file protein-v6.cif (mmCIF, C-alpha atoms)
data_protein
loop_
_atom_site.label_atom_id
_atom_site.label_comp_id
_atom_site.auth_asym_id
_atom_site.auth_seq_id
_atom_site.Cartn_x
_atom_site.Cartn_y
_atom_site.Cartn_z
CA MET A 1 6.22 -28.47 21.14
CA VAL A 2 2.74 -27.68 19.82
CA GLU A 3 1.27 -30.55 21.86
CA ASP A 4 2.35 -28.81 25.09
CA VAL A 5 0.32 -25.66 24.43
CA ARG A 6 -1.95 -24.71 27.31
CA TRP A 7 -2.62 -21.02 26.62
CA PHE A 8 -3.91 -19.26 23.51
CA VAL A 9 -3.35 -15.65 22.53
CA GLY A 10 -4.96 -13.58 19.79
CA ILE A 11 -3.21 -10.41 18.62
CA ASP A 12 -4.98 -7.86 16.46
CA TRP A 13 -1.95 -5.91 15.26
CA ALA A 14 -1.89 -2.31 14.08
CA THR A 15 0.67 0.39 13.35
CA GLN A 16 0.30 2.28 16.64
CA SER A 17 -0.87 -0.36 19.12
CA HIS A 18 -1.77 -4.06 19.33
CA ARG A 19 -4.84 -5.55 21.01
CA VAL A 20 -4.08 -8.80 22.84
CA CYS A 21 -6.55 -11.36 24.22
CA LEU A 22 -5.42 -14.27 26.44
CA LEU A 23 -7.48 -17.49 26.67
CA ASP A 24 -7.03 -20.70 28.63
CA SER A 25 -7.41 -24.21 27.22
CA GLU A 26 -11.19 -24.12 27.89
CA GLY A 27 -11.71 -20.85 26.04
CA GLY A 28 -12.07 -18.70 29.13
CA ARG A 29 -10.92 -15.11 28.70
CA MET A 30 -8.10 -14.61 31.20
CA GLY A 31 -7.08 -11.11 30.22
CA GLU A 32 -7.10 -8.47 27.55
CA ARG A 33 -4.82 -5.48 27.05
CA GLU A 34 -3.52 -3.05 24.48
CA PHE A 35 0.21 -2.57 23.96
CA ALA A 36 1.93 0.26 22.14
CA HIS A 37 4.11 -0.59 19.17
CA GLY A 38 7.74 -0.16 20.10
CA GLY A 39 10.55 -1.80 22.00
CA ALA A 40 9.08 -1.02 25.40
CA GLY A 41 5.55 -2.00 24.40
CA LEU A 42 6.55 -5.37 22.91
CA THR A 43 8.73 -6.15 25.93
CA GLU A 44 5.75 -5.37 28.15
CA LEU A 45 3.63 -7.71 26.01
CA ARG A 46 6.10 -10.56 26.49
CA ASP A 47 6.33 -10.01 30.24
CA TRP A 48 2.54 -9.73 30.62
CA LEU A 49 1.96 -13.07 28.87
CA LEU A 50 4.55 -14.85 30.98
CA GLN A 51 3.26 -13.29 34.20
CA LYS A 52 -0.44 -13.99 33.54
CA THR A 53 0.12 -17.61 32.51
CA GLY A 54 3.08 -18.58 34.68
CA ALA A 55 4.01 -20.92 31.83
CA ALA A 56 7.02 -21.38 29.60
CA PRO A 57 6.90 -19.56 26.23
CA GLY A 58 6.63 -22.91 24.44
CA GLN A 59 3.29 -23.54 26.17
CA ILE A 60 1.75 -20.32 24.80
CA ALA A 61 0.34 -20.31 21.26
CA VAL A 62 -0.14 -16.96 19.56
CA ALA A 63 -2.42 -16.28 16.55
CA ILE A 64 -1.89 -13.25 14.33
CA GLU A 65 -2.81 -12.24 10.79
CA MET A 66 0.61 -10.83 9.85
CA PRO A 67 3.12 -13.66 9.21
CA HIS A 68 6.14 -11.38 9.60
CA GLY A 69 7.21 -8.16 11.24
CA PRO A 70 8.62 -7.09 14.62
CA VAL A 71 5.76 -8.57 16.68
CA VAL A 72 6.18 -11.99 15.11
CA GLU A 73 9.97 -11.85 15.29
CA MET A 74 9.94 -10.88 18.98
CA LEU A 75 7.59 -13.73 19.89
CA LEU A 76 9.52 -16.32 17.89
CA GLU A 77 12.84 -15.13 19.29
CA HIS A 78 11.57 -15.69 22.85
CA GLY A 79 10.24 -19.18 22.16
CA PHE A 80 6.50 -18.58 21.76
CA VAL A 81 4.58 -20.81 19.32
CA VAL A 82 3.26 -18.43 16.65
CA PHE A 83 0.60 -19.15 14.02
CA ALA A 84 -0.62 -17.03 11.11
CA ILE A 85 -3.93 -17.04 9.26
CA ASN A 86 -5.21 -15.43 6.09
CA PRO A 87 -7.47 -12.41 6.81
CA LYS A 88 -10.23 -13.95 4.66
CA GLN A 89 -10.23 -17.07 6.83
CA LEU A 90 -10.37 -14.89 9.93
CA ASP A 91 -13.40 -13.14 8.46
CA ARG A 92 -15.19 -16.49 8.21
CA PHE A 93 -14.29 -17.37 11.80
CA ARG A 94 -15.70 -14.01 12.91
CA ASP A 95 -19.16 -15.13 11.76
CA ARG A 96 -19.14 -17.69 14.58
CA PHE A 97 -19.26 -14.88 17.12
CA THR A 98 -21.63 -12.47 15.39
CA VAL A 99 -23.87 -12.57 12.32
CA ALA A 100 -24.41 -8.81 12.32
CA GLY A 101 -21.03 -8.09 10.73
CA THR A 102 -19.72 -6.38 13.85
CA LYS A 103 -15.98 -5.83 13.80
CA ASP A 104 -13.61 -4.26 16.32
CA ASP A 105 -10.09 -4.84 17.61
CA SER A 106 -11.18 -6.55 20.81
CA ARG A 107 -13.46 -9.00 19.00
CA ASP A 108 -10.80 -9.79 16.38
CA ALA A 109 -8.26 -10.61 19.09
CA LEU A 110 -10.80 -12.92 20.74
CA VAL A 111 -11.67 -14.60 17.43
CA LEU A 112 -7.99 -15.20 16.65
CA GLY A 113 -7.26 -16.77 20.03
CA ASP A 114 -10.37 -18.93 20.22
CA SER A 115 -10.14 -20.09 16.59
CA LEU A 116 -6.56 -21.19 17.19
CA ARG A 117 -7.78 -23.19 20.19
CA THR A 118 -10.52 -25.00 18.26
CA ASP A 119 -9.23 -25.04 14.64
CA ARG A 120 -5.47 -25.17 14.77
CA LYS A 121 -5.31 -26.93 11.39
CA ALA A 122 -6.55 -23.76 9.68
CA PHE A 123 -3.47 -21.87 10.90
CA ARG A 124 0.09 -21.96 9.61
CA GLN A 125 2.87 -22.28 12.14
CA LEU A 126 5.68 -19.79 11.71
CA ALA A 127 9.40 -20.25 12.25
CA ILE A 128 12.46 -18.03 12.23
CA ASP A 129 14.07 -17.93 8.81
CA ASN A 130 17.74 -18.26 8.08
CA PRO A 131 19.30 -14.74 8.36
CA VAL A 132 20.70 -15.13 4.85
CA VAL A 133 17.22 -15.97 3.54
CA ILE A 134 15.81 -12.85 5.21
CA GLU A 135 18.43 -10.67 3.54
CA LEU A 136 17.95 -12.49 0.24
CA ARG A 137 14.20 -11.90 0.41
CA GLU A 138 14.72 -8.16 0.84
CA TRP A 139 17.13 -7.94 -2.10
CA SER A 140 14.77 -10.03 -4.23
CA ARG A 141 11.84 -7.74 -3.53
CA LEU A 142 14.06 -4.71 -4.09
CA VAL A 143 14.93 -6.00 -7.56
CA ASP A 144 11.22 -6.15 -8.39
CA GLU A 145 10.68 -2.60 -7.16
CA LEU A 146 13.66 -1.29 -9.12
CA GLN A 147 12.54 -3.08 -12.28
CA GLN A 148 9.07 -1.58 -11.99
CA GLU A 149 10.56 1.87 -11.47
CA ARG A 150 12.83 1.35 -14.47
CA THR A 151 9.87 0.40 -16.66
CA ARG A 152 7.99 3.53 -15.61
CA LEU A 153 10.98 5.76 -16.36
CA ALA A 154 11.57 4.10 -19.74
CA ASN A 155 7.95 4.58 -20.76
CA ARG A 156 8.07 8.25 -19.84
CA LEU A 157 11.36 8.68 -21.68
CA ARG A 158 9.94 7.06 -24.81
CA GLN A 159 6.91 9.34 -24.64
CA GLN A 160 9.13 12.42 -24.60
CA LEU A 161 11.13 11.17 -27.58
CA TRP A 162 7.88 10.55 -29.43
CA ARG A 163 7.11 14.28 -29.13
CA TYR A 164 10.07 15.46 -31.23
CA TYR A 165 12.57 12.63 -32.00
CA PRO A 166 10.67 9.39 -32.87
CA GLN A 167 13.42 8.05 -35.14
CA ALA A 168 15.69 7.64 -32.12
CA THR A 169 13.37 5.01 -30.64
CA GLU A 170 13.96 2.81 -33.72
CA LEU A 171 17.50 2.10 -32.52
CA ALA A 172 16.56 0.25 -29.31
CA ASP A 173 13.60 -1.61 -27.90
CA ASP A 174 14.75 -0.53 -24.44
CA VAL A 175 15.41 3.20 -24.34
CA GLY A 176 16.60 2.85 -20.75
CA ASP A 177 19.83 1.05 -21.68
CA ASP A 178 22.99 2.89 -20.70
CA TRP A 179 24.30 2.93 -24.27
CA PHE A 180 21.15 4.59 -25.58
CA LEU A 181 21.25 7.21 -22.84
CA ALA A 182 24.90 7.91 -23.65
CA LEU A 183 24.01 8.25 -27.34
CA TRP A 184 21.16 10.64 -26.56
CA GLN A 185 23.44 12.83 -24.46
CA LYS A 186 25.74 13.22 -27.48
CA VAL A 187 22.91 13.50 -30.04
CA PRO A 188 19.89 14.90 -28.16
CA THR A 189 18.13 16.47 -31.14
CA PRO A 190 17.78 16.00 -34.92
CA ALA A 191 19.85 19.16 -35.37
CA ALA A 192 22.67 17.63 -33.35
CA ALA A 193 22.44 14.42 -35.39
CA ALA A 194 23.14 16.40 -38.54
CA LYS A 195 26.43 17.69 -37.08
CA VAL A 196 27.80 14.73 -35.09
CA THR A 197 30.60 12.72 -36.64
CA GLU A 198 30.57 9.02 -37.33
CA LYS A 199 33.67 8.63 -35.16
CA THR A 200 31.87 9.97 -32.09
CA VAL A 201 28.99 7.54 -32.52
CA ALA A 202 31.38 4.63 -33.15
CA ARG A 203 33.19 5.39 -29.90
CA ILE A 204 29.92 5.23 -27.93
CA LEU A 205 28.99 1.91 -29.51
CA LYS A 206 32.46 0.50 -28.78
CA ASP A 207 32.46 1.66 -25.15
CA HIS A 208 29.16 -0.12 -24.51
CA ARG A 209 29.98 -3.17 -26.66
CA ILE A 210 27.11 -2.71 -29.07
CA ARG A 211 27.79 -4.87 -32.13
CA ARG A 212 24.36 -5.25 -33.72
CA LEU A 213 24.53 -1.64 -34.92
CA ASP A 214 27.28 0.34 -36.64
CA ALA A 215 27.84 4.07 -36.62
CA ALA A 216 26.65 4.53 -40.19
CA THR A 217 23.32 2.80 -39.49
CA VAL A 218 22.79 4.84 -36.32
CA LEU A 219 23.44 8.14 -38.11
CA GLN A 220 21.25 7.15 -41.02
CA THR A 221 18.39 6.48 -38.62
CA LEU A 222 18.85 9.64 -36.57
CA ARG A 223 19.08 11.80 -39.69
CA LYS A 224 15.69 10.79 -41.03
CA THR A 225 13.28 13.59 -41.80
CA ALA A 226 12.54 15.31 -38.52
CA LEU A 227 9.12 16.15 -37.16
CA PHE A 228 7.82 19.70 -37.39
CA VAL A 229 7.31 20.90 -33.82
CA ALA A 230 6.32 24.19 -32.28
CA PRO A 231 9.12 26.45 -31.05
CA GLY A 232 10.25 25.44 -27.56
CA THR A 233 8.96 21.86 -27.78
CA THR A 234 12.37 20.32 -28.41
CA GLU A 235 13.99 22.30 -25.60
CA ALA A 236 11.21 21.38 -23.16
CA ALA A 237 11.40 17.68 -24.02
CA CYS A 238 15.19 17.69 -23.62
CA VAL A 239 14.88 19.19 -20.13
CA HIS A 240 12.49 16.42 -19.15
CA ILE A 241 14.64 13.68 -20.67
CA ARG A 242 17.77 14.89 -18.83
CA SER A 243 15.92 14.47 -15.56
CA LEU A 244 14.65 11.02 -16.56
CA ALA A 245 18.10 9.94 -17.80
CA ALA A 246 19.76 10.86 -14.50
CA ARG A 247 17.25 8.74 -12.59
CA MET A 248 17.53 5.93 -15.13
CA HIS A 249 21.33 5.80 -14.71
CA LEU A 250 20.87 5.48 -10.95
CA VAL A 251 18.23 2.73 -11.25
CA ASN A 252 20.41 0.81 -13.72
CA GLN A 253 23.32 0.94 -11.30
CA GLN A 254 21.17 -0.15 -8.37
CA ILE A 255 19.77 -3.08 -10.37
CA LYS A 256 23.32 -4.25 -11.13
CA GLU A 257 24.22 -4.02 -7.44
CA ALA A 258 21.05 -5.92 -6.49
CA HIS A 259 21.81 -8.68 -9.00
CA ASN A 260 25.35 -9.00 -7.60
CA ALA A 261 23.89 -9.22 -4.09
CA LEU A 262 21.48 -11.97 -5.17
CA ASP A 263 24.33 -13.95 -6.71
CA GLY A 264 26.48 -13.51 -3.62
CA LEU A 265 23.76 -14.51 -1.15
CA CYS A 266 22.72 -17.56 -3.19
CA ALA A 267 26.37 -18.57 -3.42
CA GLY A 268 26.62 -18.14 0.34
CA LEU A 269 23.67 -20.47 0.88
CA ALA A 270 25.21 -23.02 -1.47
CA ALA A 271 28.72 -22.78 0.00
CA PRO A 272 29.90 -25.65 2.26
CA ASP A 273 29.59 -24.98 5.97
CA GLU A 274 32.83 -25.81 7.71
CA GLU A 275 31.06 -26.02 11.06
CA SER A 276 28.63 -28.67 9.85
CA PRO A 277 30.06 -32.12 10.59
CA SER A 278 27.44 -33.87 8.51
CA GLY A 279 28.57 -32.26 5.28
CA GLN A 280 25.99 -30.57 3.07
CA SER A 281 23.20 -28.75 4.92
CA ARG A 282 19.57 -28.76 3.82
CA GLU A 283 19.78 -25.21 2.39
CA GLN A 284 22.95 -26.00 0.44
CA CYS A 285 21.32 -29.10 -1.04
CA ASP A 286 18.18 -27.15 -1.99
CA VAL A 287 20.16 -24.44 -3.78
CA ALA A 288 22.10 -27.03 -5.78
CA ILE A 289 18.93 -28.86 -6.80
CA LEU A 290 17.05 -25.69 -7.76
CA ARG A 291 19.96 -24.44 -9.85
CA SER A 292 20.06 -27.70 -11.78
CA TRP A 293 16.54 -27.19 -13.19
CA PRO A 294 16.21 -25.54 -16.63
CA GLY A 295 14.41 -22.23 -16.40
CA ILE A 296 15.58 -21.39 -12.88
CA GLY A 297 17.95 -18.47 -13.07
CA ARG A 298 18.98 -15.75 -10.67
CA ILE A 299 15.58 -14.11 -10.15
CA VAL A 300 13.46 -17.28 -10.04
CA LEU A 301 15.95 -18.98 -7.71
CA ALA A 302 15.91 -16.10 -5.23
CA THR A 303 12.11 -15.89 -5.34
CA LEU A 304 11.62 -19.61 -4.70
CA LEU A 305 14.12 -19.63 -1.83
CA THR A 306 12.51 -16.65 -0.10
CA GLU A 307 8.79 -16.61 -0.91
CA ALA A 308 8.37 -20.39 -0.56
CA ALA A 309 10.97 -21.10 2.11
CA GLN A 310 8.75 -23.12 4.46
CA PRO A 311 6.96 -25.25 1.81
CA LEU A 312 10.31 -26.06 0.21
CA GLN A 313 11.83 -27.06 3.54
CA ALA A 314 8.79 -29.24 4.29
CA ARG A 315 8.74 -30.60 0.71
CA ASP A 316 5.03 -29.75 0.81
CA TYR A 317 3.90 -29.93 -2.82
CA HIS A 318 0.25 -29.09 -2.12
CA ALA A 319 1.11 -25.95 -0.14
CA LEU A 320 3.65 -24.96 -2.77
CA ARG A 321 1.24 -25.29 -5.71
CA ALA A 322 -1.47 -23.35 -3.89
CA LEU A 323 0.98 -20.61 -2.89
CA ALA A 324 2.24 -20.35 -6.48
CA GLY A 325 -1.29 -20.12 -7.89
CA VAL A 326 -1.04 -23.20 -10.15
CA ALA A 327 -3.53 -25.30 -8.15
CA PRO A 328 -6.99 -24.81 -9.73
CA VAL A 329 -10.07 -23.98 -7.69
CA THR A 330 -13.09 -26.29 -8.10
CA ARG A 331 -16.59 -25.05 -7.36
CA GLN A 332 -19.32 -27.66 -7.43
CA SER A 333 -22.96 -27.48 -6.43
CA GLY A 334 -25.45 -30.09 -7.53
CA LYS A 335 -24.96 -30.77 -11.23
CA GLN A 336 -22.86 -27.67 -11.78
CA ARG A 337 -19.10 -27.89 -11.57
CA PHE A 338 -16.61 -25.15 -12.43
CA VAL A 339 -12.80 -25.22 -12.36
CA ILE A 340 -11.28 -21.76 -12.31
CA ARG A 341 -7.91 -20.13 -11.84
CA ARG A 342 -6.62 -19.55 -8.30
CA HIS A 343 -6.27 -15.88 -7.41
CA ALA A 344 -5.45 -16.26 -3.70
CA CYS A 345 -1.71 -16.79 -3.98
CA ASN A 346 1.68 -15.14 -3.62
CA ARG A 347 1.98 -12.84 -6.64
CA ARG A 348 5.76 -12.83 -6.71
CA LEU A 349 5.91 -16.60 -6.51
CA GLN A 350 3.20 -16.88 -9.16
CA THR A 351 5.24 -14.71 -11.53
CA ALA A 352 8.41 -16.69 -10.83
CA VAL A 353 6.74 -20.03 -11.61
CA HIS A 354 5.22 -18.54 -14.77
CA HIS A 355 8.64 -17.52 -16.10
CA TRP A 356 10.18 -20.81 -14.96
CA SER A 357 7.56 -22.67 -17.01
CA ARG A 358 8.00 -20.34 -19.97
CA VAL A 359 11.73 -21.02 -20.17
CA ALA A 360 11.39 -24.71 -19.29
CA ILE A 361 9.25 -25.47 -22.33
CA GLN A 362 12.13 -24.17 -24.45
CA HIS A 363 14.77 -26.42 -22.86
CA ASP A 364 12.99 -29.39 -21.28
CA ALA A 365 11.48 -31.97 -23.66
CA ALA A 366 8.99 -33.31 -21.09
CA ALA A 367 7.74 -29.81 -20.28
CA ARG A 368 7.40 -29.05 -23.99
CA ARG A 369 5.41 -32.22 -24.65
CA ARG A 370 3.00 -31.41 -21.86
CA TYR A 371 2.62 -27.83 -23.07
CA ASP A 372 1.92 -28.93 -26.65
CA ALA A 373 -0.62 -31.52 -25.49
CA LEU A 374 -2.49 -28.94 -23.45
CA ARG A 375 -2.52 -26.50 -26.34
CA GLN A 376 -3.93 -29.18 -28.63
CA ARG A 377 -6.71 -29.76 -26.10
CA GLY A 378 -7.70 -26.11 -26.46
CA HIS A 379 -6.03 -24.55 -23.43
CA GLY A 380 -4.67 -21.04 -23.77
CA HIS A 381 -1.00 -20.17 -23.39
CA ALA A 382 -1.21 -19.00 -19.77
CA ARG A 383 -3.43 -21.92 -18.76
CA ALA A 384 -0.99 -24.39 -20.30
CA LEU A 385 1.96 -22.75 -18.56
CA ARG A 386 0.20 -23.08 -15.20
CA SER A 387 -0.21 -26.81 -15.77
CA VAL A 388 3.44 -27.10 -16.78
CA GLY A 389 4.37 -25.18 -13.63
CA ASP A 390 2.27 -27.57 -11.55
CA ARG A 391 4.16 -30.54 -13.02
CA LEU A 392 7.49 -28.83 -12.44
CA LEU A 393 6.69 -28.16 -8.78
CA SER A 394 5.67 -31.79 -8.29
CA ALA A 395 8.89 -33.03 -9.88
CA LEU A 396 10.91 -30.48 -7.91
CA CYS A 397 9.50 -31.73 -4.60
CA SER A 398 10.38 -35.29 -5.63
CA THR A 399 14.00 -34.33 -6.32
CA LEU A 400 14.15 -32.39 -3.05
CA LYS A 401 12.90 -35.42 -1.12
CA SER A 402 15.39 -37.73 -2.80
CA ARG A 403 18.13 -35.05 -2.79
CA THR A 404 18.91 -35.57 -6.46
CA LEU A 405 19.70 -33.08 -9.20
CA TYR A 406 17.57 -32.55 -12.28
CA ASP A 407 18.14 -35.17 -14.96
CA ALA A 408 16.63 -34.71 -18.43
CA ASN A 409 16.73 -38.48 -18.94
CA ARG A 410 14.03 -39.60 -16.51
CA GLY A 411 14.86 -43.26 -17.15
CA SER A 412 18.41 -42.95 -15.92
CA SER A 413 19.49 -42.73 -12.34
CA GLN A 414 19.43 -39.25 -10.85
CA ILE A 415 22.69 -37.56 -9.86
CA SER A 416 22.88 -37.64 -6.08
CA VAL A 417 23.98 -34.56 -4.18
CA LYS A 418 24.46 -36.40 -0.90
CA GLN A 419 27.87 -36.30 0.63
#

call {"tool": "encode", "arguments": {"input": "protein-v6.cif", "output": "structure tokens"}}
result
Amino acid sequence: MVEDVRWFVGIDWATQSHRVCLLDSEGGRMGEREFAHGGAGLTELRDWLLQKTGAAPGQIAVAIEMPHGPVVEMLLEHGFVVFAINPKQLDRFRDRFTVAGTKDDSRDALVLGDSLRTDRKAFRQLAIDNPVVIELREWSRLVDELQQERTRLANRLRQQLWRYYPQATELADDVGDDWFLALWQKVPTPAAAAKVTEKTVARILKDHRIRRLDAATVLQTLRKTALFVAPGTTEAACVHIRSLAARMHLVNQQIKEAHNALDGLCAGLAAPDEESPSGQSREQCDVAILRSWPGIGRIVLATLLTEAAQPLQARDYHALRALAGVAPVTRQSGKQRFVIRRHACNRRLQTAVHHWSRVAIQHDAAARRRYDALRQRGHGHARALRSVGDRLLSALCSTLKSRTLYDANRGSSQISVKQ
């Protein structure tokens, strides 16, 4: 328990080694050492703390800037009480010890440990996540990376087509789709478009289930007057596009696999646990409630479950809205008062709440009314969506506390998910 803490440790972590400072309950420095990063070094760190204090791991509180990673996981696994703090907050605490701006590893470790002793409320206690949530978080972040890579490849592919074959880009907004890549492989140049048969194009469209276009329309578009290009330009662009297309096919396949993994892991969290005698667990209930809200699909669900795991479990609306970037920042001095957008937030969670709000105003009448009212008051689109997101998070925490599903009719009784 946090109340039993008698020793305080500050760890200034790094990639090669970690500086550790040990303090007693009065702030006295009882020891300071540097430990190499690795299995042996972290084991030595654990043993050194236990030997120097002679206390149980639960009586030793550790402060660190990084809220995850092998150091944090090792300490939590062995029962230490671990707290994290934002580096900007640590920078303010450092001013207590020096006003000259001095900074070094030893001082940072001391500042972390002593600040935890005197200002524990400024720190966030960490806990071991569900193994499924850890895996889900990695897949969720991987989807973002793959999508960014896909966007970069598609932009480069479009640029190459612009050099010699701009009419091809009129067929699809997304030139990275598998059907478009298959079409380009069959008709890579305007000269090839003049020779290809309508049957060949129809087969490609049928194989990829493209119904908004027919073969005649595709050929009519591809056979538009071609650009005049210097000799060798078409061949050079085709070489580049072949390389881009091969990478695009791979990214498309990996995105599909990642989406399947997200669906499987979320289904695993929502599945009944046969070993739980009390019926539905907290995670299963949360997944069911989140899925019931309009605007929460595969990506938003995975992001909320992983990037906001602790605030959701604690039903902490204020932490959740700050982490998602929808809580405004007020600056007031004398007669001046400014309310500005919050920039210190989790970017992935901020994006997820933005898209949740964007879709919610299309399907939820209450969200739409609030959005329209804000727009009439002069707020911009993004500003109005942040306010809608703030309301959604507040309502979500209420349904999580009461363990009820989303109900569009607020006047009727909510559908209980208790068992």

call {"tool": "residues_around", "arguments": {"input": "protein-v6.cif", "residues": "Phe123 in chain A", "least_positions_apart": "4", "cutoff": "10 Å", "atoms": "only C-alpha atoms", "output": "PyMOL selection string"}}
result
chain A and resi 63-65+82-86+89-90+112+115-116+119

call {"tool": "residues_near_point", "arguments": {"input": "protein-v6.cif", "point": "(-8.5, -18.1, -6.5)", "cutoff": "10 Å", "atoms": "all atoms listed in the file", "output": "PyMOL selection string"}}
result
chain A and resi 322+325-330+340-345

call {"tool": "atom_distance", "arguments": {"input": "protein-v6.cif", "atom1": "CA of Glu198 in chain A", "atom2": "CA of Leu219 in chain A"}}
result
7.2 Å

call {"tool": "resolve_selection", "arguments": {"input": "protein-v6.cif", "expression": "the PyMOL selection byres ((chain A and resi 386) around 9)", "output": "short mmCIF file (atom, residue, chain, number, x, y, z; two decimals) with C-alpha atoms, in the frame of the given file"}}
result
data_model
loop_
_atom_site.label_atom_id
_atom_site.label_comp_id
_atom_site.auth_asym_id
_atom_site.auth_seq_id
_atom_site.Cartn_x
_atom_site.Cartn_y
_atom_site.Cartn_z
CA GLY A 325 -1.29 -20.12 -7.89
CA VAL A 326 -1.04 -23.20 -10.15
CA ALA A 327 -3.53 -25.30 -8.15
CA VAL A 353 6.74 -20.03 -11.61
CA HIS A 354 5.22 -18.54 -14.77
CA SER A 357 7.56 -22.67 -17.01
CA HIS A 381 -1.00 -20.17 -23.39
CA ALA A 382 -1.21 -19.00 -19.77
CA ARG A 383 -3.43 -21.92 -18.76
CA ALA A 384 -0.99 -24.39 -20.30
CA LEU A 385 1.96 -22.75 -18.56
CA SER A 387 -0.21 -26.81 -15.77
CA VAL A 388 3.44 -27.10 -16.78
CA GLY A 389 4.37 -25.18 -13.63
CA ASP A 390 2.27 -27.57 -11.55
CA ARG A 391 4.16 -30.54 -13.02
#

call {"tool": "resolve_selection", "arguments": {"input": "protein-v6.cif", "expression": "the PyMOL selection byres ((chain A and resi 111) around 10)", "output": "PDB file with C-alpha atoms, keeping the file's coordinate frame"}}
result
ATOM      1  CA  VAL A   9      -3.350 -15.650  22.530  1.00  0.00           C
ATOM      2  CA  GLY A  10      -4.960 -13.580  19.790  1.00  0.00           C
ATOM      3  CA  ILE A  11      -3.210 -10.410  18.620  1.00  0.00           C
ATOM      4  CA  ASP A  12      -4.980  -7.860  16.460  1.00  0.00           C
ATOM      5  CA  CYS A  21      -6.550 -11.360  24.220  1.00  0.00           C
ATOM      6  CA  ALA A  63      -2.420 -16.280  16.550  1.00  0.00           C
ATOM      7  CA  LEU A  90     -10.370 -14.890   9.930  1.00  0.00           C
ATOM      8  CA  ASP A  91     -13.400 -13.140   8.460  1.00  0.00           C
ATOM      9  CA  PHE A  93     -14.290 -17.370  11.800  1.00  0.00           C
ATOM     10  CA  ARG A  94     -15.700 -14.010  12.910  1.00  0.00           C
ATOM     11  CA  ASP A  95     -19.160 -15.130  11.760  1.00  0.00           C
ATOM     12  CA  ARG A  96     -19.140 -17.690  14.580  1.00  0.00           C
ATOM     13  CA  PHE A  97     -19.260 -14.880  17.120  1.00  0.00           C
ATOM     14  CA  ASP A 105     -10.090  -4.840  17.610  1.00  0.00           C
ATOM     15  CA  SER A 106     -11.180  -6.550  20.810  1.00  0.00           C
ATOM     16  CA  ARG A 107     -13.460  -9.000  19.000  1.00  0.00           C
ATOM     17  CA  ASP A 108     -10.800  -9.790  16.380  1.00  0.00           C
ATOM     18  CA  ALA A 109      -8.260 -10.610  19.090  1.00  0.00           C
ATOM     19  CA  LEU A 110     -10.800 -12.920  20.740  1.00  0.00           C
ATOM     20  CA  LEU A 112      -7.990 -15.200  16.650  1.00  0.00           C
ATOM     21  CA  GLY A 113      -7.260 -16.770  20.030  1.00  0.00           C
ATOM     22  CA  ASP A 114     -10.370 -18.930  20.220  1.00  0.00           C
ATOM     23  CA  SER A 115     -10.140 -20.090  16.590  1.00  0.00           C
ATOM     24  CA  LEU A 116      -6.560 -21.190  17.190  1.00  0.00           C
ATOM     25  CA  ARG A 117      -7.780 -23.190  20.190  1.00  0.00           C
TER      26      ARG A 117
END

call {"tool": "closest_residue", "arguments": {"input": "protein-v6.cif", "among": "A:Leu374, A:Ala56, A:Leu393, A:Ala237", "to": "Ala308 in chain A", "atoms": "all atoms listed in the file"}}
result
A:Leu393

call {"tool": "residues_around", "arguments": {"input": "protein-v6.cif", "residues": "Asp24 in chain A", "least_positions_apart": "4", "cutoff": "10 Å", "atoms": "all atoms listed in the file", "output": "PyMOL selection string"}}
result
chain A and resi 5-9+28-31+53+60+113-114+117

call {"tool": "axis_aligned_box", "arguments": {"input": "protein-v6.cif", "around": "range 224-236 of chain A", "padding_each_side": "5 Å", "output": "lines of an AutoDock Vina configuration file"}}
result
center_x = 11.0
center_y = 18.6
center_z = -32.5
size_x = 19.4
size_y = 25.7
size_z = 28.6

call {"tool": "residues_around", "arguments": {"input": "protein-v6.cif", "residues": "Pro131 in chain A", "least_positions_apart": "2", "cutoff": "12 Å", "atoms": "all atoms listed in the file", "output": "PyMOL selection string"}}
result
chain A and resi 73+127-129+133-138+265+268-269+306

call {"tool": "resolve_selection", "arguments": {"input": "protein-v6.cif", "expression": "the PyMOL selection byres ((chain A and resi 225) around 12)", "output": "PDB file with C-alpha atoms, in the coordinates of the input"}}
result
ATOM      1  CA  TYR A 164      10.070  15.460 -31.230  1.00  0.00           C
ATOM      2  CA  TYR A 165      12.570  12.630 -32.000  1.00  0.00           C
ATOM      3  CA  PRO A 166      10.670   9.390 -32.870  1.00  0.00           C
ATOM      4  CA  GLN A 167      13.420   8.050 -35.140  1.00  0.00           C
ATOM      5  CA  ALA A 168      15.690   7.640 -32.120  1.00  0.00           C
ATOM      6  CA  PRO A 190      17.780  16.000 -34.920  1.00  0.00           C
ATOM      7  CA  ALA A 191      19.850  19.160 -35.370  1.00  0.00           C
ATOM      8  CA  ALA A 193      22.440  14.420 -35.390  1.00  0.00           C
ATOM      9  CA  ALA A 194      23.140  16.400 -38.540  1.00  0.00           C
ATOM     10  CA  GLN A 220      21.250   7.150 -41.020  1.00  0.00           C
ATOM     11  CA  THR A 221      18.390   6.480 -38.620  1.00  0.00           C
ATOM     12  CA  LEU A 222      18.850   9.640 -36.570  1.00  0.00           C
ATOM     13  CA  ARG A 223      19.080  11.800 -39.690  1.00  0.00           C
ATOM     14  CA  LYS A 224      15.690  10.790 -41.030  1.00  0.00           C
ATOM     15  CA  ALA A 226      12.540  15.310 -38.520  1.00  0.00           C
ATOM     16  CA  LEU A 227       9.120  16.150 -37.160  1.00  0.00           C
ATOM     17  CA  PHE A 228       7.820  19.700 -37.390  1.00  0.00           C
TER      18      PHE A 228
END

call {"tool": "closest_residue", "arguments": {"input": "protein-v6.cif", "among": "A:His355, A:Arg298, A:His37, A:Lys195", "to": "Thr15 in chain A", "atoms": "all atoms listed in the file"}}
result
A:His37
